[in-house]
file input15.csv (CSV, C-alpha atoms)
chain,number,residue,atom,x,y,z
A,164,MET,CA,13.9,-2.4,-12.6
A,165,ALA,CA,13.2,0.6,-10.4
A,166,ASP,CA,16.1,3.0,-9.8
A,167,PHE,CA,18.1,2.2,-6.6
A,168,THR,CA,17.5,5.9,-5.5
A,169,TYR,CA,13.8,5.0,-5.1
A,170,GLN,CA,14.8,2.3,-2.7
A,171,VAL,CA,17.0,4.7,-0.8
A,172,PHE,CA,14.2,7.3,-0.7
A,173,ALA,CA,11.7,4.7,0.7
A,174,ALA,CA,14.3,3.4,3.3
A,175,VAL,CA,15.0,6.9,4.6
A,176,VAL,CA,11.2,7.5,5.0
A,177,GLU,CA,10.8,4.3,6.9
A,178,LYS,CA,13.9,4.6,9.1
A,179,GLY,CA,13.8,8.4,9.7
A,180,THR,CA,17.6,8.9,9.4
A,181,PHE,CA,20.2,8.5,6.7
A,182,PHE,CA,22.3,6.4,9.0
A,183,GLN,CA,19.6,3.9,9.8
A,184,ALA,CA,18.6,3.7,6.1
A,185,ALA,CA,22.2,3.0,5.2
A,186,LYS,CA,22.3,0.1,7.8
A,187,ALA,CA,19.1,-1.4,6.4
A,188,LEU,CA,20.4,-1.1,2.8
A,189,HIS,CA,24.0,-2.3,3.7
A,190,VAL,CA,25.6,0.9,2.2
A,191,THR,CA,27.4,3.8,3.6
A,192,PRO,CA,25.5,6.9,4.9
A,193,SER,CA,27.4,9.0,2.3
A,194,ALA,CA,25.9,6.8,-0.4
A,195,VAL,CA,22.4,7.4,1.0
A,196,SER,CA,23.1,11.1,1.1
A,197,HIS,CA,24.4,11.1,-2.5
A,198,SER,CA,21.3,9.2,-3.7
A,199,ILE,CA,18.9,11.6,-2.0
A,200,ASN,CA,20.8,14.6,-3.4
A,201,GLN,CA,20.7,13.0,-6.8
A,202,LEU,CA,17.0,12.4,-6.6
A,203,GLU,CA,16.2,15.9,-5.4
A,204,LYS,CA,18.3,17.3,-8.2
A,205,GLU,CA,16.4,15.1,-10.7
A,206,PHE,CA,13.0,16.1,-9.3
A,207,GLY,CA,13.9,19.8,-8.9
A,208,PHE,CA,12.7,20.2,-5.3
A,209,PRO,CA,13.8,19.0,-1.8
A,210,LEU,CA,12.3,15.8,-0.5
A,211,PHE,CA,13.4,16.0,3.2
A,212,LEU,CA,13.8,18.6,5.9
A,213,ARG,CA,17.1,17.8,7.8
A,214,ASN,CA,17.3,18.3,11.6
A,215,ARG,CA,19.4,17.0,14.5
A,216,SER,CA,17.2,14.1,15.2
A,217,GLY,CA,16.9,12.9,11.6
A,218,VAL,CA,14.8,13.9,8.6
A,219,GLU,CA,11.1,14.4,7.8
A,220,LEU,CA,9.3,14.6,4.5
A,221,THR,CA,8.6,18.0,2.9
A,222,ASN,CA,5.1,18.5,1.5
A,223,ASP,CA,6.5,17.7,-2.0
A,224,GLY,CA,8.1,14.6,-0.6
A,225,GLN,CA,4.8,13.5,0.9
A,226,THR,CA,3.2,14.0,-2.6
A,227,VAL,CA,5.7,11.8,-4.4
A,228,LEU,CA,6.0,9.1,-1.8
A,229,PRO,CA,2.9,7.0,-2.8
A,230,VAL,CA,4.0,7.1,-6.4
A,231,VAL,CA,7.5,5.9,-5.5
A,232,LEU,CA,6.2,3.1,-3.3
A,233,ASP,CA,3.8,2.1,-6.1
A,234,ILE,CA,6.7,1.8,-8.5
A,235,LEU,CA,8.7,-0.3,-5.9
A,236,ASN,CA,5.7,-2.5,-5.1
A,237,THR,CA,4.9,-3.1,-8.8
A,238,GLU,CA,8.5,-4.2,-9.3
A,239,GLU,CA,8.2,-6.5,-6.4
A,240,LYS,CA,5.0,-8.0,-7.8
A,241,LEU,CA,6.8,-8.6,-11.2
A,242,ARG,CA,9.7,-10.3,-9.4
A,243,GLN,CA,7.4,-12.5,-7.4
A,244,ILE,CA,5.3,-13.5,-10.5
A,245,SER,CA,8.5,-14.3,-12.3
A,246,ASP,CA,9.8,-16.4,-9.4
A,247,ASP,CA,6.5,-18.1,-8.9
A,248,ILE,CA,6.5,-19.2,-12.6
A,249,LYS,CA,9.9,-20.7,-12.0
A,250,GLY,CA,8.6,-22.5,-8.9
A,251,LEU,CA,10.7,-20.7,-6.4
A,252,ASN,CA,7.8,-19.3,-4.3
A,253,VAL,CA,9.9,-16.4,-2.9
A,254,GLY,CA,8.8,-12.9,-2.1
A,255,ARG,CA,7.5,-11.0,0.9
A,256,VAL,CA,4.3,-10.3,2.8
A,257,ARG,CA,4.1,-7.2,5.0
A,258,ILE,CA,1.1,-7.6,7.3
A,259,GLY,CA,-0.6,-4.9,9.4
A,260,ALA,CA,-2.7,-6.0,12.4
A,261,PHE,CA,-4.1,-4.7,15.7
A,262,SER,CA,-3.3,-6.2,19.0
A,263,SER,CA,-5.9,-9.0,19.4
A,264,VAL,CA,-5.3,-10.3,15.8
A,265,CYS,CA,-1.5,-10.3,16.5
A,266,ILE,CA,-2.1,-12.3,19.6
A,267,ASN,CA,-4.9,-14.7,18.6
A,268,TRP,CA,-4.6,-15.2,14.8
A,269,LEU,CA,-1.2,-14.4,13.4
A,270,PRO,CA,1.0,-17.0,15.2
A,271,THR,CA,-1.0,-19.9,13.7
A,272,ILE,CA,-1.5,-18.2,10.3
A,273,ILE,CA,2.2,-17.3,9.9
A,274,ARG,CA,3.4,-20.7,11.1
A,275,ARG,CA,1.3,-22.6,8.6
A,276,PHE,CA,2.1,-20.1,5.8
A,277,LYS,CA,5.9,-20.5,6.5
A,278,ASN,CA,5.6,-24.3,6.5
A,279,LYS,CA,4.3,-24.1,2.9
A,280,PHE,CA,6.4,-21.1,1.7
A,281,PRO,CA,9.6,-21.0,3.8
A,282,LYS,CA,11.4,-18.7,1.4
A,283,VAL,CA,8.8,-15.9,1.7
A,284,GLN,CA,9.7,-13.2,4.1
A,285,VAL,CA,6.9,-12.2,6.5
A,286,THR,CA,6.9,-9.0,8.6
A,287,VAL,CA,4.2,-7.7,11.0
A,288,PHE,CA,3.4,-4.1,11.8
A,289,GLN,CA,1.1,-3.6,14.9
A,290,GLY,CA,-1.0,-0.4,14.9
A,291,ASP,CA,-4.6,0.9,15.1
A,292,PHE,CA,-7.3,0.5,12.4
A,293,ASN,CA,-6.6,3.9,10.8
A,294,GLN,CA,-2.8,3.5,10.7
A,295,ILE,CA,-3.1,0.0,9.1
A,296,ALA,CA,-5.5,1.2,6.4
A,297,ALA,CA,-3.3,4.2,5.6
A,298,LYS,CA,-0.2,2.1,5.3
A,299,VAL,CA,-1.9,-0.4,3.0
A,300,ALA,CA,-3.2,2.5,0.9
A,301,ASN,CA,0.2,4.0,0.4
A,302,GLY,CA,1.9,0.7,-0.3
A,303,SER,CA,4.1,0.3,2.8
A,304,LEU,CA,2.0,-2.7,3.8
A,305,ASP,CA,0.7,-5.5,1.5
A,306,ILE,CA,-2.2,-6.6,3.6
A,307,GLY,CA,-3.9,-5.4,6.8
A,308,PHE,CA,-6.5,-6.3,9.4
A,309,SER,CA,-8.9,-3.5,10.2
A,310,SER,CA,-12.5,-2.8,11.2
A,311,LEU,CA,-15.4,-1.4,9.2
A,312,PRO,CA,-15.9,1.2,8.1
A,313,VAL,CA,-12.7,1.8,6.1
A,314,SER,CA,-12.3,5.3,4.7
A,315,GLU,CA,-9.3,4.5,2.4
A,316,ASN,CA,-9.9,3.5,-1.2
A,317,LEU,CA,-9.0,-0.2,-0.7
A,318,LEU,CA,-10.2,-3.7,-1.5
A,319,VAL,CA,-12.1,-4.6,1.7
A,320,LYS,CA,-13.1,-8.1,2.6
A,321,PRO,CA,-15.3,-8.5,5.8
A,322,LEU,CA,-14.1,-11.5,7.9
A,323,ILE,CA,-16.0,-11.9,11.2
A,324,LYS,CA,-18.5,-10.2,13.5
A,325,ASP,CA,-16.7,-9.6,16.9
A,326,PRO,CA,-19.2,-9.0,19.7
A,327,ILE,CA,-18.3,-6.3,22.3
A,328,TYR,CA,-18.7,-7.1,26.0
A,329,CYS,CA,-18.7,-5.4,29.4
A,330,VAL,CA,-16.0,-6.6,31.8
A,331,THR,CA,-16.8,-6.3,35.5
A,332,PRO,CA,-15.4,-7.1,39.0
A,333,THR,CA,-16.7,-10.4,40.4
A,334,ASP,CA,-18.9,-8.6,42.9
A,335,PHE,CA,-20.8,-6.8,40.2
A,336,GLN,CA,-24.1,-8.4,39.1
A,337,PRO,CA,-26.6,-6.9,36.6
A,338,LYS,CA,-30.1,-6.5,37.9
A,339,ASP,CA,-31.4,-9.1,35.4
A,340,GLY,CA,-28.4,-11.4,36.0
A,341,ARG,CA,-27.6,-11.6,32.3
A,342,HIS,CA,-27.2,-8.2,30.6
A,343,VAL,CA,-25.6,-4.9,31.5
A,344,ARG,CA,-28.1,-2.1,31.3
A,345,TYR,CA,-28.0,1.6,31.6
A,346,ASP,CA,-29.1,1.6,35.3
A,347,ASP,CA,-26.5,-1.1,36.1
A,348,ILE,CA,-23.7,1.2,35.0
A,349,GLY,CA,-24.6,4.3,37.1
A,350,HIS,CA,-21.6,6.6,37.4
A,351,ARG,CA,-18.9,3.9,37.2
A,352,PRO,CA,-15.9,4.8,35.1
A,353,PHE,CA,-14.9,2.7,32.1
A,354,ILE,CA,-11.4,1.5,31.3
A,355,LEU,CA,-10.2,1.0,27.8
A,356,GLN,CA,-7.2,1.6,25.5
A,357,GLN,CA,-7.3,5.2,24.1
A,358,ILE,CA,-7.0,3.9,20.5
A,359,ASP,CA,-10.2,1.8,21.1
A,360,TYR,CA,-12.4,4.9,21.8
A,361,ASP,CA,-13.7,4.7,18.3
A,362,ARG,CA,-16.3,3.1,16.1
A,363,GLN,CA,-18.5,0.5,17.8
A,364,THR,CA,-16.8,0.9,21.2
A,365,LYS,CA,-17.6,4.6,21.3
A,366,LYS,CA,-21.1,3.8,20.0
A,367,ALA,CA,-21.7,1.5,22.9
A,368,LEU,CA,-20.3,4.0,25.5
A,369,ASP,CA,-22.4,6.8,24.0
A,370,ARG,CA,-25.5,4.5,24.1
A,371,TYR,CA,-25.1,4.3,27.9
A,372,GLN,CA,-24.2,8.0,28.2
A,373,VAL,CA,-20.7,7.3,29.4
A,374,GLU,CA,-19.0,10.7,29.3
A,375,PRO,CA,-15.3,11.2,28.2
A,376,ASN,CA,-14.4,12.4,31.7
A,377,SER,CA,-15.6,9.0,33.0
A,378,LEU,CA,-13.0,7.1,30.9
A,379,ALA,CA,-9.7,5.8,32.2
A,380,TYR,CA,-7.1,4.6,29.7
A,381,SER,CA,-4.8,1.6,29.9
A,382,ILE,CA,-1.8,0.6,27.9
A,383,ASP,CA,-3.1,-2.9,26.8
A,384,ASP,CA,-6.0,-5.3,27.1
A,385,GLN,CA,-4.5,-7.4,29.9
A,386,SER,CA,-4.0,-4.2,32.0
A,387,ILE,CA,-7.7,-3.4,31.5
A,388,LEU,CA,-8.7,-6.7,33.1
A,389,SER,CA,-6.2,-6.1,36.0
A,390,MET,CA,-7.6,-2.6,36.7
A,391,VAL,CA,-11.2,-4.0,36.5
A,392,GLU,CA,-10.2,-6.8,38.9
A,393,SER,CA,-8.9,-4.1,41.3
A,394,GLY,CA,-12.3,-2.4,41.3
A,395,LEU,CA,-11.2,0.7,39.5
A,396,GLY,CA,-14.1,0.6,37.0
A,397,LEU,CA,-15.7,-1.4,34.2
A,398,GLY,CA,-14.0,-2.6,31.1
A,399,ILE,CA,-15.3,-2.8,27.5
A,400,LEU,CA,-13.6,-5.3,25.2
A,401,PRO,CA,-14.5,-7.3,22.1
A,402,ARG,CA,-14.7,-11.1,22.1
A,403,LEU,CA,-11.4,-11.7,20.3
A,404,ALA,CA,-9.5,-9.5,22.7
A,405,LEU,CA,-10.8,-11.5,25.6
A,406,LYS,CA,-9.9,-14.8,24.2
A,407,LYS,CA,-6.4,-15.2,25.7
A,408,LEU,CA,-6.7,-12.8,28.6
A,409,SER,CA,-6.9,-13.9,32.2
A,410,GLY,CA,-8.3,-12.3,35.3
A,411,ASP,CA,-10.8,-12.7,38.2
A,412,VAL,CA,-13.6,-10.8,36.4
A,413,ASN,CA,-17.1,-11.3,35.0
A,414,ILE,CA,-18.0,-10.8,31.4
A,415,PHE,CA,-21.5,-9.8,30.4
A,416,PRO,CA,-23.2,-8.8,27.1
A,417,PHE,CA,-24.8,-5.4,27.0
A,418,ASP,CA,-28.6,-5.4,26.7
A,419,GLN,CA,-28.1,-4.0,23.2
A,420,ASP,CA,-25.9,-5.9,20.8
A,421,PHE,CA,-22.7,-4.2,19.8
A,422,GLU,CA,-20.1,-5.8,17.5
A,423,ARG,CA,-17.2,-4.7,15.3
A,424,THR,CA,-16.7,-6.2,11.9
A,425,ILE,CA,-13.1,-7.3,11.4
A,426,CYS,CA,-12.0,-7.0,7.8
A,427,LEU,CA,-9.0,-7.6,5.5
A,428,VAL,CA,-7.8,-4.7,3.5
A,429,THR,CA,-5.4,-4.8,0.4
A,430,ASN,CA,-4.8,-2.5,-2.5
A,431,LYS,CA,-5.2,-3.7,-6.1
A,432,THR,CA,-1.4,-4.0,-6.8
A,433,GLU,CA,-0.4,-6.0,-3.7
A,434,SER,CA,-3.5,-8.2,-3.7
A,435,GLN,CA,-2.3,-9.8,-7.0
A,436,THR,CA,1.2,-10.7,-6.0
A,437,PRO,CA,1.6,-14.5,-5.5
A,438,SER,CA,2.9,-14.2,-1.9
A,439,THR,CA,0.0,-12.0,-0.8
A,440,SER,CA,-2.6,-14.2,-2.6
A,441,HIS,CA,-1.2,-17.3,-0.8
A,442,MET,CA,-1.4,-15.4,2.5
A,443,ILE,CA,-5.0,-14.4,1.9
A,444,LYS,CA,-5.9,-18.0,1.2
A,445,GLU,CA,-4.1,-19.1,4.4
A,446,ILE,CA,-6.1,-16.5,6.4
A,447,ASP,CA,-9.4,-17.7,4.8
A,448,ASP,CA,-8.6,-21.3,5.6
A,449,PHE,CA,-7.6,-20.5,9.2
A,450,LEU,CA,-10.9,-18.5,9.8
A,451,LYS,CA,-13.0,-21.3,8.3
A,452,ARG,CA,-11.4,-23.9,10.6
A,453,THR,CA,-11.5,-21.7,13.7
A,454,TYR,CA,-15.0,-20.2,13.4
A,455,GLN,CA,-16.9,-22.4,11.0
A,456,ASN,CA,-20.3,-20.7,11.0
A,457,ASP,CA,-19.9,-18.9,14.3
A,458,TYR,CA,-19.6,-15.1,13.6
A,459,LEU,CA,-17.9,-15.9,10.2
A,460,ILE,CA,-18.9,-13.7,7.3
A,461,GLY,CA,-19.3,-15.3,3.9

call {"tool": "encode", "arguments": {"input": "input15.csv", "output": "structure tokens"}}
result
Amino acid sequence: MADFTYQVFAAVVEKGTFFQAAKALHVTPSAVSHSINQLEKEFGFPLFLRNRSGVELTNDGQTVLPVVLDILNTEEKLRQISDDIKGLNVGRVRIGAFSSVCINWLPTIIRRFKNKFPKVQVTVFQGDFNQIAAKVANGSLDIGFSSLPVSENLLVKPLIKDPIYCVTPTDFQPKDGRHVRYDDIGHRPFILQQIDYDRQTKKALDRYQVEPNSLAYSIDDQSILSMVESGLGLGILPRLALKKLSGDVNIFPFDQDFERTICLVTNKTESQTPSTSHMIKEIDDFLKRTYQNDYLIG
């Protein structure tokens, strides 16, 4: 099994301080410090820069981190396979997801998964597409929901097409009554989350010549609807994000179709662990029940 010092190293990276890493590992801070000093002596170079607020990885530390995480994840895979053979069905699944998947999909998926595998630990990290892909690539997440294209070298499984809509105040009506066109928008500002100004959302805004200085940013999707309802601008949101939101607004398609492709990303090591394989099957089953042939890929 992997050296405990590797677990300490990974915990310090995740928590940012020796003290918080010690709490997570249920050891003393001095034990953490000793383990890191021992590992640095073994490697022959410093892994962390110490400062008053905590620690941060050195360049050399960043280089060895993916290798250490790969060792720990491979060990976890071996343990899960061993337990699965014995019929224990234990293990862990670390999921990364963006906001609308966290709200609309994960509660049902995780509840059904936990009913079948109550001993498997499930944790969720919420972030943007790039953060999730990067964390799956370096092994700190087992599975992630992202959007195409994915630049990381990962196993990528497209899931659904998610159309993008224009959200307007109730007194706004497109000239043709059905689609928002370029001349409907005029000089109105658009409201969105800053992390969403990317990929298909940016492509849509560029298509209608919406300049960056005409954008206003909100902290979450529900706040976008509230700001649109107040007449502060137009919103742009995908179908999934709108599913559980409420507000006195209108929702129109653009006159040109825009859609993001939501995908599942894993790396080769984590995709083969029993717990992750079971979770992927649960996700597939959920999507087939929920969408059937509507927007579902494959």

call {"tool": "residues_around", "arguments": {"input": "input15.csv", "residues": "stretch 195-201 of chain A", "least_positions_apart": "2", "cutoff": "12 Å", "atoms": "all atoms listed in the file", "output": "ChimeraX atom specification"}}
result
/A:166-176,180-193,203-213,218,220,224

call {"tool": "closest_residue", "arguments": {"input": "input15.csv", "among": "A:Pro375, A:Pro332, A:Pro326, A:Pro416", "to": "A:Gly394", "atoms": "only C-alpha atoms"}}
result
A:Pro332

call {"tool": "residues_around", "arguments": {"input": "input15.csv", "residues": "stretch 334-336 of chain A", "least_positions_apart": "5", "cutoff": "12 Å", "atoms": "all atoms listed in the file", "output": "list in words"}}
result
Cys329, Arg341, His342, Val343, Arg344, Asp346, Asp347, Ile348, Arg351, Val391, Glu392, Ser393, Gly394, Gly396, Leu397, Asp411, Val412, Asn413, Ile414 and Phe415 of chain A

call {"tool": "write_last_selection", "arguments": {"input": "input15.csv", "atoms": "C-alpha atoms", "output": "PDB file, keeping the file's coordinate frame"}}
result
ATOM      1  CA  CYS A 329     -18.700  -5.400  29.400  1.00  0.00           C
ATOM      2  CA  ARG A 341     -27.600 -11.600  32.300  1.00  0.00           C
ATOM      3  CA  HIS A 342     -27.200  -8.200  30.600  1.00  0.00           C
ATOM      4  CA  VAL A 343     -25.600  -4.900  31.500  1.00  0.00           C
ATOM      5  CA  ARG A 344     -28.100  -2.100  31.300  1.00  0.00           C
ATOM      6  CA  ASP A 346     -29.100   1.600  35.300  1.00  0.00           C
ATOM      7  CA  ASP A 347     -26.500  -1.100  36.100  1.00  0.00           C
ATOM      8  CA  ILE A 348     -23.700   1.200  35.000  1.00  0.00           C
ATOM      9  CA  ARG A 351     -18.900   3.900  37.200  1.00  0.00           C
ATOM     10  CA  VAL A 391     -11.200  -4.000  36.500  1.00  0.00           C
ATOM     11  CA  GLU A 392     -10.200  -6.800  38.900  1.00  0.00           C
ATOM     12  CA  SER A 393      -8.900  -4.100  41.300  1.00  0.00           C
ATOM     13  CA  GLY A 394     -12.300  -2.400  41.300  1.00  0.00           C
ATOM     14  CA  GLY A 396     -14.100   0.600  37.000  1.00  0.00           C
ATOM     15  CA  LEU A 397     -15.700  -1.400  34.200  1.00  0.00           C
ATOM     16  CA  ASP A 411     -10.800 -12.700  38.200  1.00  0.00           C
ATOM     17  CA  VAL A 412     -13.600 -10.800  36.400  1.00  0.00           C
ATOM     18  CA  ASN A 413     -17.100 -11.300  35.000  1.00  0.00           C
ATOM     19  CA  ILE A 414     -18.000 -10.800  31.400  1.00  0.00           C
ATOM     20  CA  PHE A 415     -21.500  -9.800  30.400  1.00  0.00           C
TER      21      PHE A 415
END

call {"tool": "residues_around", "arguments": {"input": "input15.csv", "residues": "A:Phe353", "least_positions_apart": "5", "cutoff": "9 Å", "atoms": "all atoms listed in the file", "output": "count of residues only"}}
result
12

call {"tool": "residues_around", "arguments": {"input": "input15.csv", "residues": "A:Gln357", "least_positions_apart": "2", "cutoff": "8 Å", "atoms": "all atoms listed in the file", "output": "JSON, numbers by chain"}}
result
{"A": [355, 359, 360, 380, 381]}

call {"tool": "residues_around", "arguments": {"input": "input15.csv", "residues": "A:Cys426", "least_positions_apart": "6", "cutoff": "8 Å", "atoms": "only C-alpha atoms", "output": "list in words"}}
result
Phe308, Ser309, Ser310, Leu311, Val319, Lys320, Pro321, Leu322 and Ile323 of chain A

call {"tool": "write_last_selection", "arguments": {"input": "input15.csv", "atoms": "C-alpha atoms", "output": "mmCIF file, keeping the file's coordinate frame"}}
result
data_model
loop_
_atom_site.group_PDB
_atom_site.id
_atom_site.type_symbol
_atom_site.label_atom_id
_atom_site.label_comp_id
_atom_site.auth_asym_id
_atom_site.auth_seq_id
_atom_site.Cartn_x
_atom_site.Cartn_y
_atom_site.Cartn_z
ATOM 1 C CA PHE A 308 -6.500 -6.300 9.400
ATOM 2 C CA SER A 309 -8.900 -3.500 10.200
ATOM 3 C CA SER A 310 -12.500 -2.800 11.200
ATOM 4 C CA LEU A 311 -15.400 -1.400 9.200
ATOM 5 C CA VAL A 319 -12.100 -4.600 1.700
ATOM 6 C CA LYS A 320 -13.100 -8.100 2.600
ATOM 7 C CA PRO A 321 -15.300 -8.500 5.800
ATOM 8 C CA LEU A 322 -14.100 -11.500 7.900
ATOM 9 C CA ILE A 323 -16.000 -11.900 11.200
#

call {"tool": "closest_residue", "arguments": {"input": "input15.csv", "among": "A:Gln385, A:Gly349, A:Leu317, A:Gln225", "to": "A:Ala296", "atoms": "only C-alpha atoms"}}
result
A:Leu317

call {"tool": "atom_distance", "arguments": {"input": "input15.csv", "atom1": "atom CA of A:Gly307", "atom2": "atom CA of A:Leu403"}}
result
16.7 Å

call {"tool": "atom_distance", "arguments": {"input": "input15.csv", "atom1": "atom CA of A:Pro312", "atom2": "atom CA of A:Pro401"}}
result
16.4 Å

call {"tool": "atom_distance", "arguments": {"input": "input15.csv", "atom1": "atom CA of A:Gln372", "atom2": "atom CA of A:Ile295"}}
result
29.6 Å

call {"tool": "closest_residue", "arguments": {"input": "input15.csv", "among": "A:Ser434, A:Thr429, A:Thr331, A:Ser386", "to": "A:Phe417", "atoms": "only C-alpha atoms"}}
result
A:Thr331

call {"tool": "residues_near_point", "arguments": {"input": "input15.csv", "point": "(-8.9, 8.1, 4.1)", "cutoff": "10 Å", "atoms": "all atoms listed in the file", "output": "MDAnalysis selection string"}}
result
chainID A and resid 293 296:297 300 313:317

call {"tool": "closest_residue", "arguments": {"input": "input15.csv", "among": "A:Asp383, A:Asp291, A:Glu374, A:Asp418", "to": "A:Pro352", "atoms": "all atoms listed in the file"}}
result
A:Glu374

call {"tool": "closest_residue", "arguments": {"input": "input15.csv", "among": "A:Gln363, A:Asn301, A:Ser389, A:Thr221", "to": "A:Thr424", "atoms": "all atoms listed in the file"}}
result
A:Gln363

call {"tool": "closest_residue", "arguments": {"input": "input15.csv", "among": "A:Val283, A:Val330, A:Val253, A:Ile258", "to": "A:Ser409", "atoms": "all atoms listed in the file"}}
result
A:Val330
